[in-house]
>>> print(open('my_file00.txt').read())   # compact mmCIF, C-alpha atoms
# COMPACT_ATOMS: atom_id res chain seq x y z
CA MET C 1 115.78 86.64 110.74
CA SER C 2 117.05 86.94 114.31
CA GLU C 3 116.12 83.32 115.11
CA ALA C 4 117.91 82.02 112.00
CA THR C 5 121.05 84.02 112.68
CA PRO C 6 122.50 81.72 115.39
CA GLN C 7 121.88 78.69 113.16
CA ILE C 8 123.58 80.39 110.20
CA GLN C 9 126.50 81.38 112.39
CA TRP C 10 126.74 77.79 113.68
CA HIS C 11 126.92 76.46 110.13
CA ARG C 12 129.54 79.04 109.27
CA ARG C 13 131.65 78.07 112.27
CA VAL C 14 131.43 74.39 111.31
CA ALA C 15 132.36 75.17 107.71
CA ASP C 16 135.26 77.29 108.90
CA LYS C 17 136.56 74.52 111.16
CA LEU C 18 136.23 71.93 108.38
CA ALA C 19 138.04 74.17 105.88
CA THR C 20 140.84 74.83 108.38
CA ALA C 21 141.16 71.13 109.17
CA LEU C 22 141.27 70.29 105.45
CA ALA C 23 143.98 72.88 104.87
CA VAL C 24 146.04 71.48 107.76
CA ILE C 25 145.64 67.94 106.40
CA CYS C 26 146.81 69.08 102.96
CA VAL C 27 149.87 70.73 104.51
CA LEU C 28 150.69 67.56 106.43
CA LEU C 29 150.30 65.47 103.27
CA VAL C 30 152.78 67.78 101.51
CA ILE C 31 155.31 67.68 104.35
CA LEU C 32 154.95 63.96 105.09
CA PRO C 33 156.81 62.63 101.99
CA LEU C 34 159.75 64.98 102.57
CA ALA C 35 159.89 64.09 106.26
CA ALA C 36 159.67 60.38 105.47
CA VAL C 37 162.49 60.58 102.91
CA PHE C 38 164.70 62.62 105.21
CA ILE C 39 164.10 60.34 108.22
CA TYR C 40 164.81 57.24 106.13
CA LEU C 41 168.02 58.76 104.80
CA VAL C 42 169.11 59.64 108.32
CA ILE C 43 168.46 56.09 109.49
CA ARG C 44 170.34 54.50 106.60
CA GLY C 45 173.12 57.05 106.10
CA VAL C 46 174.03 58.74 109.37
CA GLY C 47 175.98 55.71 110.59
CA SER C 48 178.36 55.99 107.63
CA LEU C 49 179.23 59.64 108.19
CA ASN C 50 182.68 60.14 109.66
CA LEU C 51 185.74 62.28 109.12
CA ALA C 52 187.04 59.98 106.37
CA PHE C 53 183.82 60.42 104.39
CA PHE C 54 184.42 64.17 104.12
CA THR C 55 188.21 64.10 103.72
CA HIS C 56 189.08 60.99 101.68
CA ILE C 57 188.50 60.02 98.07
CA PRO C 58 187.04 56.59 97.14
CA SER C 59 189.21 53.60 98.03
CA GLY C 60 191.37 52.14 95.30
CA SER C 61 189.74 48.69 95.11
CA PRO C 62 186.00 48.27 94.40
CA GLY C 63 184.08 47.40 97.55
CA GLU C 64 187.08 47.85 99.82
CA PRO C 65 186.15 49.28 103.24
CA GLY C 66 187.08 52.88 103.88
CA GLY C 67 187.30 55.83 101.58
CA GLY C 68 184.92 58.73 101.25
CA MET C 69 183.31 61.21 98.89
CA ALA C 70 185.35 64.35 99.47
CA ASN C 71 186.10 64.73 95.76
CA ALA C 72 182.42 64.28 94.88
CA ILE C 73 181.33 66.93 97.40
CA ILE C 74 183.83 69.45 96.05
CA GLY C 75 182.92 68.49 92.48
CA SER C 76 179.23 69.10 93.12
CA VAL C 77 180.03 72.52 94.56
CA VAL C 78 182.11 73.41 91.49
CA ILE C 79 179.48 72.26 89.01
CA LEU C 80 176.63 73.97 90.86
CA LEU C 81 178.60 77.22 91.04
CA ILE C 82 179.17 77.11 87.29
CA GLY C 83 175.50 76.35 86.70
CA SER C 84 174.41 79.19 88.99
CA VAL C 85 176.75 81.70 87.34
CA ILE C 86 175.14 80.81 84.01
CA GLY C 87 171.54 80.19 85.00
CA VAL C 88 170.78 82.85 87.62
CA PRO C 89 171.73 86.02 85.67
CA LEU C 90 170.16 84.77 82.43
CA GLY C 91 167.01 83.55 84.20
CA VAL C 92 166.49 86.71 86.25
CA GLY C 93 167.28 88.93 83.25
CA SER C 94 164.81 87.04 81.06
CA GLY C 95 162.15 87.27 83.76
CA ILE C 96 162.68 91.03 84.05
CA TYR C 97 162.36 91.40 80.30
CA LEU C 98 159.14 89.38 80.13
CA SER C 99 157.56 91.29 83.01
CA GLU C 100 158.71 94.85 82.38
CA TYR C 101 159.58 95.26 78.70
CA SER C 102 157.87 92.53 76.70
CA ARG C 103 154.73 93.69 74.95
CA GLY C 104 154.96 92.11 71.50
CA GLN C 105 155.19 88.74 69.79
CA PHE C 106 158.82 88.27 70.72
CA GLY C 107 157.89 88.18 74.39
CA LYS C 108 155.36 85.44 73.71
CA VAL C 109 158.02 83.46 71.88
CA VAL C 110 160.45 83.82 74.81
CA ARG C 111 157.75 82.81 77.29
CA PHE C 112 156.73 79.80 75.21
CA THR C 113 160.38 78.77 74.80
CA ALA C 114 160.92 78.92 78.56
CA ASP C 115 157.85 76.77 79.18
CA VAL C 116 158.96 74.20 76.61
CA LEU C 117 162.52 74.15 77.94
CA ASN C 118 161.18 73.65 81.46
CA GLY C 119 159.53 70.42 80.31
CA VAL C 120 162.48 69.01 78.38
CA PRO C 121 163.88 65.87 80.09
CA SER C 122 167.23 66.45 81.74
CA ILE C 123 168.86 63.64 79.78
CA VAL C 124 167.98 65.42 76.53
CA ILE C 125 169.71 68.57 77.76
CA GLY C 126 172.71 66.45 78.71
CA ILE C 127 172.86 64.92 75.22
CA ALA C 128 172.55 68.36 73.63
CA VAL C 129 175.43 69.77 75.70
CA TYR C 130 177.40 66.61 74.92
CA GLY C 131 177.03 67.36 71.21
CA LEU C 132 177.70 71.08 71.54
CA LEU C 133 180.63 71.04 73.99
CA VAL C 134 181.98 67.60 74.81
CA LEU C 135 182.38 66.45 71.21
CA ARG C 136 183.96 69.76 70.22
CA GLN C 137 186.35 69.72 73.19
CA LYS C 138 186.92 65.97 72.65
CA HIS C 139 186.71 65.33 76.40
CA PHE C 140 184.28 65.52 79.31
CA SER C 141 184.61 68.45 81.67
CA ALA C 142 183.22 70.21 84.71
CA LEU C 143 182.41 73.18 82.48
CA ALA C 144 180.13 71.07 80.30
CA GLY C 145 178.36 69.74 83.39
CA GLY C 146 177.86 73.27 84.72
CA VAL C 147 176.49 74.46 81.37
CA ALA C 148 173.96 71.62 81.34
CA LEU C 149 172.75 72.44 84.86
CA GLY C 150 172.71 76.17 84.07
CA ILE C 151 170.46 75.59 81.06
CA MET C 152 168.11 73.58 83.25
CA MET C 153 167.93 76.42 85.79
CA ILE C 154 167.06 79.17 83.30
CA PRO C 155 163.37 78.40 82.54
CA THR C 156 162.38 77.91 86.17
CA ILE C 157 164.06 81.13 87.26
CA THR C 158 162.67 83.02 84.26
CA ARG C 159 159.04 82.13 84.84
CA SER C 160 159.17 82.53 88.63
CA THR C 161 160.89 85.93 88.31
CA GLU C 162 158.30 87.09 85.79
CA GLU C 163 155.39 86.06 88.00
CA MET C 164 156.91 87.64 91.12
CA LEU C 165 157.53 90.94 89.33
CA ARG C 166 153.97 90.98 88.01
CA LEU C 167 152.73 90.88 91.60
CA VAL C 168 154.40 94.22 92.34
CA PRO C 169 151.68 96.94 92.15
CA ASN C 170 151.93 99.29 89.17
CA SER C 171 151.53 102.23 91.54
CA ILE C 172 155.08 101.61 92.79
CA ARG C 173 156.44 101.77 89.24
CA GLU C 174 154.40 104.89 88.47
CA ALA C 175 155.58 106.62 91.65
CA ALA C 176 159.23 105.95 90.75
CA LEU C 177 158.74 107.19 87.19
CA GLY C 178 156.89 110.24 88.50
CA LEU C 179 159.95 111.13 90.55
CA GLY C 180 162.07 111.12 87.40
CA ILE C 181 163.82 107.81 88.01
CA PRO C 182 164.74 106.06 84.74
CA GLN C 183 162.82 102.87 84.05
CA TRP C 184 165.90 100.63 84.18
CA ARG C 185 166.86 102.06 87.58
CA SER C 186 163.30 101.75 88.84
CA THR C 187 163.17 98.14 87.69
CA LEU C 188 166.42 97.13 89.35
CA SER C 189 166.29 99.23 92.52
CA ILE C 190 162.57 99.24 93.31
CA THR C 191 160.54 96.62 91.42
CA LEU C 192 163.09 93.82 91.60
CA ARG C 193 163.95 94.64 95.21
CA THR C 194 160.28 94.54 96.18
CA ALA C 195 159.87 91.08 94.63
CA MET C 196 163.29 89.79 95.69
CA SER C 197 161.94 87.30 98.23
CA GLY C 198 159.88 85.54 95.56
CA VAL C 199 162.73 85.73 93.05
CA ILE C 200 165.09 84.08 95.53
CA THR C 201 162.50 81.37 96.12
CA GLY C 202 162.45 80.66 92.38
CA VAL C 203 166.25 80.59 92.25
CA MET C 204 166.46 78.13 95.13
CA LEU C 205 163.74 75.99 93.54
CA ALA C 206 165.82 75.75 90.37
CA PHE C 207 168.96 75.12 92.42
CA ALA C 208 167.29 72.29 94.32
CA ARG C 209 166.01 70.78 91.09
CA VAL C 210 169.42 70.54 89.42
CA SER C 211 171.40 69.61 92.55
CA GLY C 212 170.36 65.98 92.36
CA GLU C 213 170.45 65.55 88.57
CA THR C 214 172.50 62.60 87.37
CA ALA C 215 171.53 62.04 83.72
CA PRO C 216 172.99 65.27 82.25
CA LEU C 217 176.21 64.81 84.21
CA LEU C 218 176.71 61.33 82.76
CA PHE C 219 177.07 62.93 79.31
CA THR C 220 179.06 66.00 80.40
CA ALA C 221 181.06 65.73 83.65
CA LEU C 222 181.32 61.90 83.48
CA GLY C 223 182.79 61.56 86.99
CA ASN C 224 186.24 61.11 88.48
CA SER C 225 187.58 58.83 91.20
CA TYR C 226 190.40 61.24 92.07
CA TRP C 227 190.82 64.86 93.12
CA SER C 228 190.04 67.22 90.29
CA THR C 229 188.86 70.83 90.29
CA LYS C 230 189.93 71.76 86.77
CA LEU C 231 187.09 73.08 84.66
CA ASN C 232 188.33 71.39 81.50
CA GLN C 233 188.64 67.91 83.02
CA PRO C 234 186.12 65.25 84.13
CA ILE C 235 185.01 65.86 87.69
CA ALA C 236 183.24 63.87 90.38
CA ALA C 237 179.80 64.84 91.69
CA LEU C 238 177.63 63.50 94.48
CA PRO C 239 174.73 62.39 92.22
CA LEU C 240 177.16 60.54 89.93
CA GLN C 241 178.96 58.89 92.84
CA ILE C 242 175.66 57.86 94.45
CA TYR C 243 174.46 56.43 91.14
CA VAL C 244 177.63 54.36 90.65
CA TYR C 245 177.67 53.11 94.22
CA ALA C 246 173.96 52.26 94.26
CA LEU C 247 174.30 50.07 91.15
CA SER C 248 177.33 48.21 92.48
CA PRO C 249 177.11 44.76 94.13
CA TYR C 250 179.19 45.84 97.13
CA ASP C 251 177.58 46.47 100.52
CA GLU C 252 180.30 48.97 101.42
CA TRP C 253 179.46 51.10 98.42
CA HIS C 254 175.75 50.84 99.20
CA ARG C 255 176.49 52.18 102.66
CA LEU C 256 178.42 55.13 101.22
CA ALA C 257 175.63 55.78 98.71
CA TRP C 258 173.11 56.25 101.53
CA ALA C 259 175.51 58.59 103.30
CA GLY C 260 176.07 60.55 100.09
CA ALA C 261 172.32 60.93 99.55
CA LEU C 262 171.92 62.27 103.08
CA VAL C 263 174.75 64.77 102.59
CA LEU C 264 173.25 65.91 99.28
CA ILE C 265 169.86 66.59 100.89
CA VAL C 266 171.50 68.45 103.78
CA ILE C 267 173.54 70.60 101.37
CA ILE C 268 170.39 71.57 99.43
CA VAL C 269 168.39 72.41 102.56
CA ALA C 270 171.26 74.28 104.23
CA THR C 271 172.04 76.30 101.10
CA SER C 272 168.40 77.26 100.56
CA ALA C 273 167.90 78.24 104.21
CA SER C 274 171.14 80.24 104.33
CA VAL C 275 170.41 82.21 101.16
CA ARG C 276 166.88 83.05 102.28
CA TRP C 277 168.10 84.08 105.74
CA VAL C 278 170.88 86.31 104.41
CA ALA C 279 168.54 87.84 101.81
CA SER C 280 165.79 88.55 104.35
CA ARG C 281 168.26 90.10 106.77
CA GLY C 282 169.77 92.22 104.03
CA PHE C 283 166.43 93.52 102.78
CA ALA C 284 165.20 94.13 106.29
CA GLY C 285 168.30 96.16 107.05
CA GLY C 286 167.94 98.07 103.78
CA ALA C 287 164.33 98.88 104.55
CA GLN C 288 165.34 100.35 107.90
>>> encode(input="my_file00.txt", output="C-alpha cells")
Amino acid sequence: MSEATPQIQWHRRVADKLATALAVICVLLVILPLAAVFIYLVIRGVGSLNLAFFTHIPSGSPGEPGGGMANAIIGSVVILLIGSVIGVPLGVGSGIYLSEYSRGQFGKVVRFTADVLNGVPSIVIGIAVYGLLVLRQKHFSALAGGVALGIMMIPTITRSTEEMLRLVPNSIREAALGLGIPQWRSTLSITLRTAMSGVITGVMLAFARVSGETAPLLFTALGNSYWSTKLNQPIAALPLQIYVYALSPYDEWHRLAWAGALVLIVIIVATSASVRWVASRGFAGGAQ
C-alpha cells in the first residue's frame, strides 16, 4: 500500500494537470470568437469614428461622404428602454412566480410557454407585433419596436430568474418565515436579493440578445433617416442602419456600417459592465 501510494498520487497529479489544462483550453475557445470579432470590428470600424458620427444624421444623398448615426444611436436607446420597461418586470415577476408560488399545472404551462417563446424566431415575433400593433395603429412606431424586443426578453429573464431563485437555500426562506415575515416580503427582500447577481446576469443576457436584433424592427420600427424620438412614429436604430448600409453598394456606407457595429458592441458591453458594477456595489453596501 505504501509503495503504491506515490504512484497513485503521481497519476492523480497528472490527471489534475490535464483536467486544469482542458478547462483552460475550453475557456480560451469560448473567449476567442468574441475577441476575434471585437478585434476585427476595431480594425474595420475605429477609423470611421469621429465627432460627426455621434452628432450628425445620415447625409442627404446615398453614398455621399460625411454624415453619422446619431439618430440611430438615440433610437436604439429609446427602443431598448421601452423593451426593458416591458420585459424586465414581467420576466422577473414570472420567474418569481414559477420559483416561489407555482406548484400546480398552471406553473408547468407557464414554464412550457416561456421555453417555447424563447425558441420562437425573432422575425416571427416581429410579424406578430406588426399584426397586433402596426396594422391597428396604421403606422410603424418606436413603441411597436420596443414591444417586440420586450416580448423577446421575457422568456430569457423568466427562466434565468427562476433558476437563480431555486439556488437560494430553503433554510433562508424558513428562517424569514419563522421570524414572522410575510412570504411576499421574504421573497422580495431576502430571496430575490440573495439571488440578485444571477438575476441581473439573466437580464443582461436578454438585453444583449435583443440589442442587435434587426428582423423584428423591420416590421415594427421600420427606421428613419431623420431625428425622431416620438414613440408613435418610425424611429432609427443601429441594427437597422447597419443592415441598410451593409446591403448598399456604396463604400462610404460600408465604412459607416463597420463603425456602427463597433459602437453597438461597445454599448452592449459597457451597459452590461456598468449594471453589474452598480448592482454589486449596491448589494455590498447593503450587506455592510
>>> residues_near_point(input="my_file00.txt", point="(182.9, 67.5, 101.6)", cutoff="7 Å", atoms="only C-alpha atoms", output="PyMOL selection string")
chain C and resi 54-55+69-70+73-74
>>> atom_distance(input="my_file00.txt", atom1="CA of Ile31 in chain C", atom2="CA of His254 in chain C")
27.0 Å
>>> closest_atom_pairs(input="my_file00.txt", of="range 30-72 of chain C", to="range 257-274 of chain C", cutoff="8 Å", atoms="only C-alpha atoms", output="Markdown table")
| residue | atom | partner | partner_atom | distance |
| --- | --- | --- | --- | --- |
| C:Phe38 | CA | C:Leu262 | CA | 7.5 |
| C:Leu41 | CA | C:Leu262 | CA | 5.5 |
| C:Val42 | CA | C:Leu262 | CA | 6.5 |
| C:Arg44 | CA | C:Trp258 | CA | 6.0 |
| C:Gly45 | CA | C:Ala259 | CA | 4.0 |
| C:Val46 | CA | C:Ala259 | CA | 6.2 |
| C:Gly47 | CA | C:Ala259 | CA | 7.9 |
| C:Ser48 | CA | C:Ala259 | CA | 5.8 |
| C:Leu49 | CA | C:Ala259 | CA | 6.2 |
| C:Met69 | CA | C:Gly260 | CA | 7.4 |
>>> write_last_selection(input="my_file00.txt", atoms="C-alpha atoms", output="mmCIF file, in the frame of the given file")
data_model
loop_
_atom_site.group_PDB
_atom_site.id
_atom_site.type_symbol
_atom_site.label_atom_id
_atom_site.label_comp_id
_atom_site.auth_asym_id
_atom_site.auth_seq_id
_atom_site.Cartn_x
_atom_site.Cartn_y
_atom_site.Cartn_z
ATOM 1 C CA PHE C 38 164.700 62.620 105.210
ATOM 2 C CA LEU C 41 168.020 58.760 104.800
ATOM 3 C CA VAL C 42 169.110 59.640 108.320
ATOM 4 C CA ARG C 44 170.340 54.500 106.600
ATOM 5 C CA GLY C 45 173.120 57.050 106.100
ATOM 6 C CA VAL C 46 174.030 58.740 109.370
ATOM 7 C CA GLY C 47 175.980 55.710 110.590
ATOM 8 C CA SER C 48 178.360 55.990 107.630
ATOM 9 C CA LEU C 49 179.230 59.640 108.190
ATOM 10 C CA MET C 69 183.310 61.210 98.890
#
>>> atom_distance(input="my_file00.txt", atom1="CA of Tyr40 in chain C", atom2="CA of Val77 in chain C")
24.5 Å
>>> atom_distance(input="my_file00.txt", atom1="CA of Ser248 in chain C", atom2="CA of Ser122 in chain C")
23.5 Å
>>> axis_aligned_box(input="my_file00.txt", around="range 150-153 of chain C", padding_each_side="6 Å", output="lines of an AutoDock Vina configuration file")
center_x = 170.3
center_y = 75.0
center_z = 83.4
size_x = 16.8
size_y = 14.8
size_z = 16.7
>>> residues_around(input="my_file00.txt", residues="range 198-207 of chain C", least_positions_apart="3", cutoff="10 Å", atoms="only C-alpha atoms", output="PyMOL selection string")
chain C and resi 80-81+83-84+87-88+91-92+95+149-150+152-165+167+192-195+210-212+268-269+271-273+275-276+279-280
>>> closest_atom_pairs(input="my_file00.txt", of="range 72-128 of chain C", to="range 230-247 of chain C", cutoff="6 Å", atoms="all atoms listed in the file", output="JSON lines")
{"residue": "C:Ala72", "atom": "CA", "partner": "C:Ala237", "partner_atom": "CA", "distance": 4.2}
{"residue": "C:Ile73", "atom": "CA", "partner": "C:Leu238", "partner_atom": "CA", "distance": 5.8}
{"residue": "C:Gly75", "atom": "CA", "partner": "C:Ala237", "partner_atom": "CA", "distance": 4.9}
{"residue": "C:Ser76", "atom": "CA", "partner": "C:Ala237", "partner_atom": "CA", "distance": 4.5}
